[in-house]
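Participant: Attaching a single structure in structure tokens format; questions to follow.
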Amino acid sequence: MYRNLVLFRNELKNNKMPKYKMEGIVSEMLISRDIFKKNSEIKNFLNYVFDLDYKDYVMKSRTLIVARTVKTIHNSEETEYNLYKKKLMVFTSKAIEDWKDREGSKENRNEFNGWINNRK
């Protein structure tokens, strides 16, 4: 998923990115269990990037969340769309940094564990 996040961030850097690309990026991010393990984690993302707050029955289904969010992106004005794009780029950059930290700590832990196991 790290590679996908980097690709998403690079796409979001384009000035003239069509709406269908952003819709695809958001859809893939929302469906991914690597980024959002629980549906409750999606709520903060939607609130931060799109200023959206869905009812509980929508938040129980990722497909409903994706459908409503894609509809919001599709119907957005140019100024709203650019704001969404900027916020999404900030979110993906933060997710990449978190992913690096998580993977880096796993690698360090594994090396350390191997060193300890070899000493016995």
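Ligands are numbered from 1 in the order shown, residues from 1 within each chain, and chains are lettered A, B, ... in the order they appear in the structure tokens.
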Enumerate the residues of chain A with a DSSP assignment of alpha helix (DSSP H), computed from the backbone, and present them as a ChimeraX atom specification.

Facilitator: /A:2-12,19-31,39-50,56-59,62-74,78-119

Participant: With a distance cut-off of 12 Å and only C-alpha atoms, select the neighbouring residues of Val90 in chain A, excluding the residue or stretch itself and same-chain residues fewer than 3 positions from it, and output the selection as an MDAnalysis selection string.

Facilitator: chainID A and resid 5 8:10 12:13 45 48:49 83:87 93:97

Participant: Which residues come within 10 Å of Ile31 in chain A, counting only C-alpha atoms, excluding same-chain residues fewer than 2 positions away, as a PyMOL selection string?

Facilitator: chain A and resi 26-29+33-37+39+42+61-63+65-66

Participant: Give me, as a PDB file with C-alpha atoms, in the first residue's frame, all polymer residues having an atom no more than 12 Å from Ile73 in chain A, counting only C-alpha atoms and skipping those fewer than 3 positions away in the same chain.

Facilitator:
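Contents of the output file out-v9.pdb:
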ATOM      1  CA  PRO A  18      -9.373  15.396 -13.709  1.00  0.00           C
ATOM      2  CA  LYS A  19     -12.092  14.600 -11.191  1.00  0.00           C
ATOM      3  CA  TYR A  20     -12.243  10.946 -12.208  1.00  0.00           C
ATOM      4  CA  LYS A  21      -8.659  10.429 -11.005  1.00  0.00           C
ATOM      5  CA  MET A  22      -9.406  11.910  -7.605  1.00  0.00           C
ATOM      6  CA  GLU A  23     -12.572   9.834  -7.384  1.00  0.00           C
ATOM      7  CA  GLY A  24     -10.511   6.708  -8.073  1.00  0.00           C
ATOM      8  CA  ILE A  25      -7.835   7.630  -5.541  1.00  0.00           C
ATOM      9  CA  VAL A  26     -10.386   8.321  -2.813  1.00  0.00           C
ATOM     10  CA  SER A  27     -12.301   5.128  -3.649  1.00  0.00           C
ATOM     11  CA  LEU A  46     -13.997  12.374   5.721  1.00  0.00           C
ATOM     12  CA  VAL A  49     -10.708  16.290   3.847  1.00  0.00           C
ATOM     13  CA  PHE A  50     -14.312  16.788   2.742  1.00  0.00           C
ATOM     14  CA  ASP A  51     -16.058  18.250   5.808  1.00  0.00           C
ATOM     15  CA  LEU A  52     -18.524  15.368   5.592  1.00  0.00           C
ATOM     16  CA  VAL A  66     -17.420   5.428  -1.328  1.00  0.00           C
ATOM     17  CA  ALA A  67     -20.601   6.108  -3.312  1.00  0.00           C
ATOM     18  CA  ARG A  68     -21.536   9.174  -1.273  1.00  0.00           C
ATOM     19  CA  THR A  69     -18.004  10.563  -1.272  1.00  0.00           C
ATOM     20  CA  VAL A  70     -17.523  10.089  -5.020  1.00  0.00           C
ATOM     21  CA  SER A  76     -18.129  19.865  -6.354  1.00  0.00           C
ATOM     22  CA  GLU A  77     -17.291  23.265  -7.795  1.00  0.00           C
ATOM     23  CA  GLU A  78     -13.755  24.047  -8.957  1.00  0.00           C
ATOM     24  CA  THR A  79     -12.805  25.918  -5.766  1.00  0.00           C
ATOM     25  CA  GLU A  80     -14.153  23.133  -3.532  1.00  0.00           C
ATOM     26  CA  TYR A  81     -12.412  20.529  -5.665  1.00  0.00           C
ATOM     27  CA  ASN A  82      -9.047  22.282  -5.340  1.00  0.00           C
ATOM     28  CA  LEU A  83      -9.490  22.514  -1.573  1.00  0.00           C
ATOM     29  CA  TYR A  84     -10.315  18.789  -1.392  1.00  0.00           C
ATOM     30  CA  LYS A  85      -7.247  18.024  -3.485  1.00  0.00           C
ATOM     31  CA  LEU A  88      -6.099  14.961   0.399  1.00  0.00           C
TER      32      LEU A  88
END
